[in-house]
Structures are given as structure tokens and as C-alpha cells.
$ cat final.txt   # compact mmCIF, N, CA and C atoms
# COMPACT_ATOMS: atom_id res chain seq x y z
N GLN A 1 119.35 28.02 101.77
CA GLN A 1 119.64 26.72 101.19
C GLN A 1 121.09 26.66 100.72
N VAL A 2 121.65 25.49 100.88
CA VAL A 2 123.00 25.25 100.41
C VAL A 2 122.99 24.01 99.52
N GLN A 3 123.49 24.14 98.32
CA GLN A 3 123.63 22.98 97.44
C GLN A 3 125.09 22.51 97.48
N LEU A 4 125.23 21.20 97.56
CA LEU A 4 126.55 20.58 97.55
C LEU A 4 126.61 19.63 96.35
N VAL A 5 127.61 19.79 95.52
CA VAL A 5 127.72 18.97 94.31
C VAL A 5 129.07 18.26 94.31
N GLU A 6 129.00 16.92 94.33
CA GLU A 6 130.22 16.12 94.33
C GLU A 6 130.61 15.75 92.91
N SER A 7 131.89 15.52 92.74
CA SER A 7 132.41 15.01 91.46
C SER A 7 133.71 14.26 91.73
N GLY A 8 134.15 13.52 90.72
CA GLY A 8 135.44 12.85 90.82
C GLY A 8 135.38 11.35 91.02
N GLY A 9 134.18 10.81 91.21
CA GLY A 9 134.07 9.37 91.38
C GLY A 9 134.33 8.63 90.08
N GLY A 10 134.43 7.31 90.21
CA GLY A 10 134.66 6.50 89.02
C GLY A 10 135.19 5.14 89.37
N LEU A 11 135.66 4.45 88.34
CA LEU A 11 136.22 3.11 88.51
C LEU A 11 137.74 3.22 88.57
N VAL A 12 138.32 2.57 89.57
CA VAL A 12 139.77 2.60 89.74
C VAL A 12 140.23 1.22 90.20
N GLN A 13 141.42 0.85 89.81
CA GLN A 13 141.98 -0.44 90.24
C GLN A 13 142.48 -0.37 91.67
N PRO A 14 142.52 -1.50 92.35
CA PRO A 14 143.11 -1.51 93.70
C PRO A 14 144.52 -0.94 93.69
N GLY A 15 144.80 -0.11 94.71
CA GLY A 15 146.08 0.57 94.77
C GLY A 15 146.10 1.91 94.09
N GLY A 16 145.06 2.22 93.36
CA GLY A 16 145.00 3.48 92.63
C GLY A 16 144.53 4.64 93.49
N SER A 17 144.37 5.79 92.83
CA SER A 17 143.99 7.02 93.54
C SER A 17 142.85 7.72 92.82
N LEU A 18 142.10 8.46 93.59
CA LEU A 18 141.05 9.34 93.08
C LEU A 18 141.00 10.58 93.97
N ARG A 19 140.56 11.69 93.38
CA ARG A 19 140.30 12.87 94.19
C ARG A 19 138.85 13.30 93.98
N LEU A 20 138.12 13.32 95.07
CA LEU A 20 136.74 13.79 95.03
C LEU A 20 136.70 15.28 95.35
N SER A 21 135.75 15.96 94.72
CA SER A 21 135.54 17.39 94.98
C SER A 21 134.10 17.62 95.37
N CYS A 22 133.88 18.58 96.22
CA CYS A 22 132.53 18.99 96.63
C CYS A 22 132.49 20.51 96.57
N VAL A 23 131.66 21.01 95.66
CA VAL A 23 131.51 22.46 95.52
C VAL A 23 130.21 22.88 96.21
N ALA A 24 130.33 23.87 97.08
CA ALA A 24 129.17 24.38 97.81
C ALA A 24 128.67 25.68 97.18
N SER A 25 127.34 25.86 97.24
CA SER A 25 126.75 27.07 96.65
C SER A 25 126.92 28.29 97.55
N ARG A 26 127.30 28.05 98.79
CA ARG A 26 127.56 29.15 99.73
C ARG A 26 128.91 28.92 100.40
N SER A 27 129.39 29.96 101.02
CA SER A 27 130.72 29.92 101.61
C SER A 27 130.89 28.75 102.58
N ILE A 28 131.92 27.94 102.34
CA ILE A 28 132.19 26.86 103.28
C ILE A 28 132.85 27.39 104.54
N PHE A 29 133.35 28.62 104.46
CA PHE A 29 133.94 29.24 105.65
C PHE A 29 132.87 29.47 106.70
N SER A 30 131.60 29.61 106.23
CA SER A 30 130.49 29.83 107.15
C SER A 30 130.04 28.55 107.85
N SER A 31 130.51 27.41 107.35
CA SER A 31 130.09 26.16 107.95
C SER A 31 130.89 25.88 109.21
N ASN A 32 130.30 25.08 110.09
CA ASN A 32 131.03 24.63 111.26
C ASN A 32 132.04 23.57 110.86
N ALA A 33 131.62 22.72 109.92
CA ALA A 33 132.50 21.66 109.44
C ALA A 33 131.98 21.14 108.12
N MET A 34 132.87 20.60 107.33
CA MET A 34 132.52 19.91 106.09
C MET A 34 133.06 18.49 106.19
N GLY A 35 132.34 17.56 105.57
CA GLY A 35 132.79 16.18 105.69
C GLY A 35 132.44 15.33 104.50
N TRP A 36 133.05 14.16 104.48
CA TRP A 36 132.73 13.14 103.49
C TRP A 36 132.24 11.90 104.24
N TYR A 37 131.13 11.37 103.76
CA TYR A 37 130.58 10.12 104.27
C TYR A 37 130.51 9.14 103.10
N ARG A 38 130.33 7.88 103.42
CA ARG A 38 130.14 6.89 102.37
C ARG A 38 129.15 5.82 102.81
N ARG A 39 128.50 5.24 101.81
CA ARG A 39 127.61 4.12 102.06
C ARG A 39 127.98 3.01 101.08
N ALA A 40 128.49 1.93 101.64
CA ALA A 40 128.82 0.76 100.84
C ALA A 40 127.59 -0.12 100.67
N PRO A 41 127.55 -0.94 99.65
CA PRO A 41 126.40 -1.81 99.43
C PRO A 41 126.08 -2.65 100.66
N GLY A 42 124.85 -2.57 101.13
CA GLY A 42 124.42 -3.37 102.26
C GLY A 42 124.88 -2.87 103.61
N LYS A 43 125.48 -1.68 103.65
CA LYS A 43 125.99 -1.16 104.92
C LYS A 43 125.40 0.21 105.24
N GLU A 44 125.56 0.62 106.48
CA GLU A 44 125.10 1.93 106.90
C GLU A 44 126.07 3.01 106.42
N ARG A 45 125.55 4.23 106.30
CA ARG A 45 126.41 5.34 105.95
C ARG A 45 127.38 5.61 107.10
N GLU A 46 128.63 5.88 106.77
CA GLU A 46 129.64 6.11 107.80
C GLU A 46 130.47 7.34 107.46
N LEU A 47 130.98 7.97 108.52
CA LEU A 47 131.87 9.11 108.33
C LEU A 47 133.21 8.62 107.80
N VAL A 48 133.71 9.29 106.78
CA VAL A 48 135.04 8.99 106.23
C VAL A 48 136.05 10.00 106.76
N ALA A 49 135.72 11.28 106.60
CA ALA A 49 136.64 12.33 107.03
C ALA A 49 135.86 13.63 107.20
N ALA A 50 136.35 14.49 108.08
CA ALA A 50 135.72 15.78 108.29
C ALA A 50 136.80 16.82 108.57
N ILE A 51 136.44 18.07 108.25
CA ILE A 51 137.36 19.17 108.51
C ILE A 51 136.56 20.35 109.04
N THR A 52 137.02 20.94 110.13
CA THR A 52 136.30 22.05 110.74
C THR A 52 136.69 23.36 110.07
N SER A 53 135.97 24.41 110.42
CA SER A 53 136.28 25.73 109.88
C SER A 53 137.67 26.17 110.31
N GLY A 54 138.13 25.65 111.44
CA GLY A 54 139.47 25.98 111.92
C GLY A 54 140.57 25.12 111.31
N GLY A 55 140.18 24.11 110.52
CA GLY A 55 141.16 23.27 109.85
C GLY A 55 141.48 21.96 110.54
N SER A 56 140.84 21.68 111.66
CA SER A 56 141.06 20.40 112.33
C SER A 56 140.41 19.29 111.52
N THR A 57 141.08 18.15 111.47
CA THR A 57 140.57 17.03 110.67
C THR A 57 140.32 15.80 111.53
N ASN A 58 139.44 14.94 111.02
CA ASN A 58 139.09 13.70 111.70
C ASN A 58 138.87 12.65 110.63
N TYR A 59 139.41 11.44 110.85
CA TYR A 59 139.30 10.37 109.86
C TYR A 59 138.79 9.08 110.50
N ALA A 60 138.08 8.31 109.70
CA ALA A 60 137.75 6.95 110.11
C ALA A 60 139.04 6.14 110.17
N ASP A 61 139.11 5.21 111.11
CA ASP A 61 140.32 4.40 111.27
C ASP A 61 140.67 3.67 109.97
N SER A 62 139.66 3.27 109.23
CA SER A 62 139.89 2.47 108.03
C SER A 62 140.57 3.24 106.91
N VAL A 63 140.58 4.58 106.99
CA VAL A 63 141.18 5.37 105.90
C VAL A 63 142.38 6.19 106.34
N LYS A 64 142.69 6.16 107.62
CA LYS A 64 143.83 6.94 108.12
C LYS A 64 145.11 6.54 107.40
N GLY A 65 145.85 7.55 106.98
CA GLY A 65 147.09 7.30 106.27
C GLY A 65 146.92 7.12 104.78
N ARG A 66 145.69 6.96 104.33
CA ARG A 66 145.42 6.77 102.90
C ARG A 66 144.62 7.93 102.30
N PHE A 67 143.71 8.49 103.07
CA PHE A 67 142.84 9.57 102.58
C PHE A 67 143.23 10.88 103.25
N THR A 68 143.04 11.97 102.51
CA THR A 68 143.31 13.30 103.05
C THR A 68 142.17 14.24 102.66
N ILE A 69 141.59 14.89 103.65
CA ILE A 69 140.55 15.89 103.39
C ILE A 69 141.19 17.28 103.44
N SER A 70 140.74 18.14 102.55
CA SER A 70 141.25 19.51 102.53
C SER A 70 140.15 20.44 102.05
N ARG A 71 140.37 21.72 102.21
CA ARG A 71 139.36 22.70 101.80
C ARG A 71 140.02 23.90 101.17
N ASP A 72 139.34 24.49 100.20
CA ASP A 72 139.76 25.74 99.57
C ASP A 72 138.61 26.72 99.77
N ASN A 73 138.73 27.57 100.77
CA ASN A 73 137.64 28.49 101.08
C ASN A 73 137.34 29.45 99.93
N ALA A 74 138.35 29.84 99.20
CA ALA A 74 138.16 30.78 98.09
C ALA A 74 137.30 30.16 96.98
N LYS A 75 137.39 28.85 96.83
CA LYS A 75 136.63 28.16 95.79
C LYS A 75 135.39 27.47 96.34
N ASN A 76 135.14 27.61 97.65
CA ASN A 76 134.00 26.94 98.30
C ASN A 76 134.01 25.44 97.99
N THR A 77 135.18 24.85 98.06
CA THR A 77 135.33 23.46 97.65
C THR A 77 136.07 22.67 98.73
N VAL A 78 135.58 21.46 98.93
CA VAL A 78 136.22 20.50 99.83
C VAL A 78 136.67 19.31 98.99
N TYR A 79 137.85 18.82 99.29
CA TYR A 79 138.42 17.71 98.53
C TYR A 79 138.63 16.49 99.42
N LEU A 80 138.62 15.34 98.78
CA LEU A 80 139.01 14.11 99.46
C LEU A 80 139.99 13.38 98.53
N GLN A 81 141.25 13.42 98.89
CA GLN A 81 142.27 12.70 98.14
C GLN A 81 142.33 11.28 98.69
N MET A 82 142.12 10.32 97.80
CA MET A 82 142.06 8.91 98.21
C MET A 82 143.19 8.15 97.51
N ASN A 83 144.10 7.64 98.28
CA ASN A 83 145.23 6.87 97.76
C ASN A 83 145.17 5.43 98.26
N SER A 84 145.93 4.58 97.61
CA SER A 84 146.00 3.17 98.00
C SER A 84 144.60 2.58 98.18
N LEU A 85 143.77 2.81 97.21
CA LEU A 85 142.37 2.38 97.31
C LEU A 85 142.25 0.87 97.36
N LYS A 86 141.27 0.41 98.12
CA LYS A 86 141.00 -1.01 98.30
C LYS A 86 139.59 -1.32 97.83
N PRO A 87 139.31 -2.56 97.48
CA PRO A 87 137.94 -2.91 97.07
C PRO A 87 136.90 -2.54 98.13
N GLU A 88 137.27 -2.62 99.39
CA GLU A 88 136.32 -2.27 100.46
C GLU A 88 136.04 -0.78 100.55
N ASP A 89 136.74 0.04 99.78
CA ASP A 89 136.42 1.46 99.70
C ASP A 89 135.29 1.74 98.71
N THR A 90 134.87 0.72 97.99
CA THR A 90 133.76 0.88 97.05
C THR A 90 132.51 1.33 97.78
N ALA A 91 131.95 2.45 97.34
CA ALA A 91 130.78 3.03 98.01
C ALA A 91 130.33 4.26 97.24
N VAL A 92 129.16 4.75 97.62
CA VAL A 92 128.74 6.08 97.19
C VAL A 92 129.24 7.06 98.25
N TYR A 93 129.96 8.06 97.81
CA TYR A 93 130.55 9.05 98.71
C TYR A 93 129.71 10.32 98.69
N TYR A 94 129.36 10.80 99.88
CA TYR A 94 128.50 11.97 100.02
C TYR A 94 129.24 13.10 100.72
N CYS A 95 129.04 14.28 100.20
CA CYS A 95 129.56 15.47 100.85
C CYS A 95 128.54 15.98 101.87
N ASN A 96 129.03 16.44 102.98
CA ASN A 96 128.18 16.91 104.08
C ASN A 96 128.65 18.28 104.53
N GLY A 97 127.69 19.18 104.73
CA GLY A 97 128.03 20.51 105.22
C GLY A 97 127.23 20.86 106.46
N ASP A 98 127.91 21.06 107.56
CA ASP A 98 127.25 21.41 108.82
C ASP A 98 127.15 22.92 108.91
N TYR A 99 125.96 23.45 108.57
CA TYR A 99 125.71 24.89 108.60
C TYR A 99 124.72 25.24 109.71
N ARG A 100 124.69 24.43 110.76
CA ARG A 100 123.70 24.66 111.80
C ARG A 100 123.88 26.00 112.51
N LEU A 101 125.12 26.47 112.62
CA LEU A 101 125.35 27.73 113.32
C LEU A 101 124.75 28.92 112.59
N ILE A 102 124.74 28.86 111.27
CA ILE A 102 124.28 30.02 110.51
C ILE A 102 122.92 29.80 109.87
N TYR A 103 122.62 28.57 109.42
CA TYR A 103 121.35 28.29 108.75
C TYR A 103 120.48 27.30 109.51
N GLY A 104 121.00 26.73 110.56
CA GLY A 104 120.21 25.80 111.35
C GLY A 104 120.04 24.43 110.74
N MET A 105 120.85 24.10 109.74
CA MET A 105 120.67 22.83 109.04
C MET A 105 121.99 22.20 108.65
N VAL A 106 121.89 20.88 108.41
CA VAL A 106 122.99 20.13 107.81
C VAL A 106 122.57 19.78 106.40
N TYR A 107 123.46 19.93 105.45
CA TYR A 107 123.15 19.70 104.04
C TYR A 107 123.98 18.53 103.49
N TRP A 108 123.37 17.87 102.49
CA TRP A 108 124.00 16.72 101.86
C TRP A 108 124.01 16.88 100.35
N GLY A 109 125.08 16.37 99.73
CA GLY A 109 125.08 16.25 98.28
C GLY A 109 124.39 14.96 97.87
N LYS A 110 124.29 14.75 96.56
CA LYS A 110 123.60 13.57 96.04
C LYS A 110 124.51 12.35 95.95
N GLY A 111 125.80 12.56 96.08
CA GLY A 111 126.73 11.45 96.10
C GLY A 111 127.42 11.20 94.78
N THR A 112 128.58 10.57 94.88
CA THR A 112 129.34 10.15 93.70
C THR A 112 129.87 8.75 93.96
N LEU A 113 129.75 7.88 92.96
CA LEU A 113 130.08 6.48 93.13
C LEU A 113 131.57 6.24 92.89
N VAL A 114 132.18 5.56 93.84
CA VAL A 114 133.57 5.11 93.70
C VAL A 114 133.58 3.59 93.70
N THR A 115 134.14 3.02 92.64
CA THR A 115 134.23 1.58 92.52
C THR A 115 135.70 1.19 92.40
N VAL A 116 136.14 0.35 93.31
CA VAL A 116 137.53 -0.11 93.30
C VAL A 116 137.52 -1.59 92.93
N SER A 117 138.00 -1.87 91.73
CA SER A 117 137.92 -3.23 91.21
C SER A 117 138.95 -3.42 90.11
N SER A 118 139.45 -4.65 90.02
CA SER A 118 140.37 -4.98 88.93
C SER A 118 139.61 -5.57 87.75

$ encode --input "final.txt" --output "C-alpha cells"
Amino acid sequence: QVQLVESGGGLVQPGGSLRLSCVASRSIFSSNAMGWYRRAPGKERELVAAITSGGSTNYADSVKGRFTISRDNAKNTVYLQMNSLKPEDTAVYYCNGDYRLIYGMVYWGKGTLVTVSS
């Protein structure tokens, strides 16, 4: 089992910044990839950003140039730096860990709420 715990959400004004953190109970180096997803009110969950064990990154078009995903293997932590936030970024953000290669499963955190509003 792998537990993923997100933190860093909150209320921020448009144009502001937040950094989300996801701490894993097991080595993130063992994962194939770690990612952040979000679910906005009334919408389907969507991929925001992902980072592979090799460090390759992938972003949704809507956040390119504004969000940055990174990982600290020593701390078993994945970060999502979010800049120039917009009201449409309001959502619950979920951490995702693809451990299928070693544990045969994909794991999810419980989510952290980000609200962008003036």
C-alpha cells in the first residue's frame, strides 16, 4: 500500500501563486510516474501535470507556462508550483502515483482544494 497526502491548497486571488505538496509513504523513485489531477465543479477529473521516474514532464495545455511539477526523491515528495492562477483553476487537486511496475496499482490522495477568487 502507498499513501499519498496532499497539502498546500487554499484560497488565493487571481494572479497569485500556490505550491502543492504530495508526500508518499513509499519511495517515489519506485514509481513509474507521479502526477497531479484536478476536478473542477461539474467537470470530469483531468490530468494537470505528470513527471516520470526519469524526470520527463507533461502538462495540460491550459497550465503550460504557469504550472511546474517537480519531485524530491529524498523526501518522497512531489510538488506542483502554480503561478498566475486563474478562477478556472479552482478545483480539488489530487496526487496520483503510478506504482504498477512494482505494486501493480495506481494510488490516489484524498485531494486538496484550491480556490481562485477575488

$ select_by_dssp --input "final.txt" --residues "segment 21-91 of chain A" --states "strand (DSSP E or B)" --output "PDB file with N, CA and C atoms, in the frame of the given file"
ATOM      1  N   SER A  21     135.750  15.960  94.720  1.00  0.00           N
ATOM      2  CA  SER A  21     135.540  17.390  94.980  1.00  0.00           C
ATOM      3  C   SER A  21     134.100  17.620  95.370  1.00  0.00           C
ATOM      4  N   CYS A  22     133.880  18.580  96.220  1.00  0.00           N
ATOM      5  CA  CYS A  22     132.530  18.990  96.630  1.00  0.00           C
ATOM      6  C   CYS A  22     132.490  20.510  96.570  1.00  0.00           C
ATOM      7  N   VAL A  23     131.660  21.010  95.660  1.00  0.00           N
ATOM      8  CA  VAL A  23     131.510  22.460  95.520  1.00  0.00           C
ATOM      9  C   VAL A  23     130.210  22.880  96.210  1.00  0.00           C
ATOM     10  N   ALA A  24     130.330  23.870  97.080  1.00  0.00           N
ATOM     11  CA  ALA A  24     129.170  24.380  97.810  1.00  0.00           C
ATOM     12  C   ALA A  24     128.670  25.680  97.180  1.00  0.00           C
ATOM     13  N   ALA A  33     131.620  22.720 109.920  1.00  0.00           N
ATOM     14  CA  ALA A  33     132.500  21.660 109.440  1.00  0.00           C
ATOM     15  C   ALA A  33     131.980  21.140 108.120  1.00  0.00           C
ATOM     16  N   MET A  34     132.870  20.600 107.330  1.00  0.00           N
ATOM     17  CA  MET A  34     132.520  19.910 106.090  1.00  0.00           C
ATOM     18  C   MET A  34     133.060  18.490 106.190  1.00  0.00           C
ATOM     19  N   GLY A  35     132.340  17.560 105.570  1.00  0.00           N
ATOM     20  CA  GLY A  35     132.790  16.180 105.690  1.00  0.00           C
ATOM     21  C   GLY A  35     132.440  15.330 104.500  1.00  0.00           C
ATOM     22  N   TRP A  36     133.050  14.160 104.480  1.00  0.00           N
ATOM     23  CA  TRP A  36     132.730  13.140 103.490  1.00  0.00           C
ATOM     24  C   TRP A  36     132.240  11.900 104.240  1.00  0.00           C
ATOM     25  N   TYR A  37     131.130  11.370 103.760  1.00  0.00           N
ATOM     26  CA  TYR A  37     130.580  10.120 104.270  1.00  0.00           C
ATOM     27  C   TYR A  37     130.510   9.140 103.100  1.00  0.00           C
ATOM     28  N   ARG A  38     130.330   7.880 103.420  1.00  0.00           N
ATOM     29  CA  ARG A  38     130.140   6.890 102.370  1.00  0.00           C
ATOM     30  C   ARG A  38     129.150   5.820 102.810  1.00  0.00           C
ATOM     31  N   ARG A  39     128.500   5.240 101.810  1.00  0.00           N
ATOM     32  CA  ARG A  39     127.610   4.120 102.060  1.00  0.00           C
ATOM     33  C   ARG A  39     127.980   3.010 101.080  1.00  0.00           C
ATOM     34  N   GLU A  46     128.630   5.880 106.770  1.00  0.00           N
ATOM     35  CA  GLU A  46     129.640   6.110 107.800  1.00  0.00           C
ATOM     36  C   GLU A  46     130.470   7.340 107.460  1.00  0.00           C
ATOM     37  N   LEU A  47     130.980   7.970 108.520  1.00  0.00           N
ATOM     38  CA  LEU A  47     131.870   9.110 108.330  1.00  0.00           C
ATOM     39  C   LEU A  47     133.210   8.620 107.800  1.00  0.00           C
ATOM     40  N   VAL A  48     133.710   9.290 106.780  1.00  0.00           N
ATOM     41  CA  VAL A  48     135.040   8.990 106.230  1.00  0.00           C
ATOM     42  C   VAL A  48     136.050  10.000 106.760  1.00  0.00           C
ATOM     43  N   ALA A  49     135.720  11.280 106.600  1.00  0.00           N
ATOM     44  CA  ALA A  49     136.640  12.330 107.030  1.00  0.00           C
ATOM     45  C   ALA A  49     135.860  13.630 107.200  1.00  0.00           C
ATOM     46  N   ALA A  50     136.350  14.490 108.080  1.00  0.00           N
ATOM     47  CA  ALA A  50     135.720  15.780 108.290  1.00  0.00           C
ATOM     48  C   ALA A  50     136.800  16.820 108.570  1.00  0.00           C
ATOM     49  N   ILE A  51     136.440  18.070 108.250  1.00  0.00           N
ATOM     50  CA  ILE A  51     137.360  19.170 108.510  1.00  0.00           C
ATOM     51  C   ILE A  51     136.560  20.350 109.040  1.00  0.00           C
ATOM     52  N   THR A  52     137.020  20.940 110.130  1.00  0.00           N
ATOM     53  CA  THR A  52     136.300  22.050 110.740  1.00  0.00           C
ATOM     54  C   THR A  52     136.690  23.360 110.070  1.00  0.00           C
ATOM     55  N   THR A  57     141.080  18.150 111.470  1.00  0.00           N
ATOM     56  CA  THR A  57     140.570  17.030 110.670  1.00  0.00           C
ATOM     57  C   THR A  57     140.320  15.800 111.530  1.00  0.00           C
ATOM     58  N   ASN A  58     139.440  14.940 111.020  1.00  0.00           N
ATOM     59  CA  ASN A  58     139.090  13.700 111.700  1.00  0.00           C
ATOM     60  C   ASN A  58     138.870  12.650 110.630  1.00  0.00           C
ATOM     61  N   TYR A  59     139.410  11.440 110.850  1.00  0.00           N
ATOM     62  CA  TYR A  59     139.300  10.370 109.860  1.00  0.00           C
ATOM     63  C   TYR A  59     138.790   9.080 110.500  1.00  0.00           C
ATOM     64  N   PHE A  67     143.710   8.490 103.070  1.00  0.00           N
ATOM     65  CA  PHE A  67     142.840   9.570 102.580  1.00  0.00           C
ATOM     66  C   PHE A  67     143.230  10.880 103.250  1.00  0.00           C
ATOM     67  N   THR A  68     143.040  11.970 102.510  1.00  0.00           N
ATOM     68  CA  THR A  68     143.310  13.300 103.050  1.00  0.00           C
ATOM     69  C   THR A  68     142.170  14.240 102.660  1.00  0.00           C
ATOM     70  N   ILE A  69     141.590  14.890 103.650  1.00  0.00           N
ATOM     71  CA  ILE A  69     140.550  15.890 103.390  1.00  0.00           C
ATOM     72  C   ILE A  69     141.190  17.280 103.440  1.00  0.00           C
ATOM     73  N   SER A  70     140.740  18.140 102.550  1.00  0.00           N
ATOM     74  CA  SER A  70     141.250  19.510 102.530  1.00  0.00           C
ATOM     75  C   SER A  70     140.150  20.440 102.050  1.00  0.00           C
ATOM     76  N   ARG A  71     140.370  21.720 102.210  1.00  0.00           N
ATOM     77  CA  ARG A  71     139.360  22.700 101.800  1.00  0.00           C
ATOM     78  C   ARG A  71     140.020  23.900 101.170  1.00  0.00           C
ATOM     79  N   ASP A  72     139.340  24.490 100.200  1.00  0.00           N
ATOM     80  CA  ASP A  72     139.760  25.740  99.570  1.00  0.00           C
ATOM     81  C   ASP A  72     138.610  26.720  99.770  1.00  0.00           C
ATOM     82  N   THR A  77     135.180  24.850  98.060  1.00  0.00           N
ATOM     83  CA  THR A  77     135.330  23.460  97.650  1.00  0.00           C
ATOM     84  C   THR A  77     136.070  22.670  98.730  1.00  0.00           C
ATOM     85  N   VAL A  78     135.580  21.460  98.930  1.00  0.00           N
ATOM     86  CA  VAL A  78     136.220  20.500  99.830  1.00  0.00           C
ATOM     87  C   VAL A  78     136.670  19.310  98.990  1.00  0.00           C
ATOM     88  N   TYR A  79     137.850  18.820  99.290  1.00  0.00           N
ATOM     89  CA  TYR A  79     138.420  17.710  98.530  1.00  0.00           C
ATOM     90  C   TYR A  79     138.630  16.490  99.420  1.00  0.00           C
ATOM     91  N   LEU A  80     138.620  15.340  98.780  1.00  0.00           N
ATOM     92  CA  LEU A  80     139.010  14.110  99.460  1.00  0.00           C
ATOM     93  C   LEU A  80     139.990  13.380  98.530  1.00  0.00           C
ATOM     94  N   GLN A  81     141.250  13.420  98.890  1.00  0.00           N
ATOM     95  CA  GLN A  81     142.270  12.700  98.140  1.00  0.00           C
ATOM     96  C   GLN A  81     142.330  11.280  98.690  1.00  0.00           C
ATOM     97  N   MET A  82     142.120  10.320  97.800  1.00  0.00           N
ATOM     98  CA  MET A  82     142.060   8.910  98.210  1.00  0.00           C
ATOM     99  C   MET A  82     143.190   8.150  97.510  1.00  0.00           C
ATOM    100  N   ALA A  91     131.950   2.450  97.340  1.00  0.00           N
ATOM    101  CA  ALA A  91     130.780   3.030  98.010  1.00  0.00           C
ATOM    102  C   ALA A  91     130.330   4.260  97.240  1.00  0.00           C
TER     103      ALA A  91
END

$ residues_around --input "final.txt" --residues "segment 87-93 of chain A" --least-positions-apart "6" --cutoff "8 Å" --atoms "only C-alpha atoms" --output "VMD selection string"
chain A and resid 14 36 to 41 111 to 117

$ atom_distance --input "final.txt" --atom1 "atom C of Gly16 of chain A" --atom2 "atom C of Met34 of chain A"
22.0 Å

$ atom_distance --input "final.txt" --atom1 "atom CA of Ser17 of chain A" --atom2 "atom CA of Met82 of chain A"
5.4 Å

$ closest_residue --input "final.txt" --among "A:Arg19, A:Arg100, A:Asn58, A:Ser31" --to "Tyr79 of chain A" --atoms "all atoms listed in the file"
A:Arg19

$ select_by_dssp --input "final.txt" --residues "segment 26-96 of chain A" --states "helix (DSSP H, G or I)" --output "PyMOL selection string"
chain A and resi 28-30+61-63+73-75+87-89
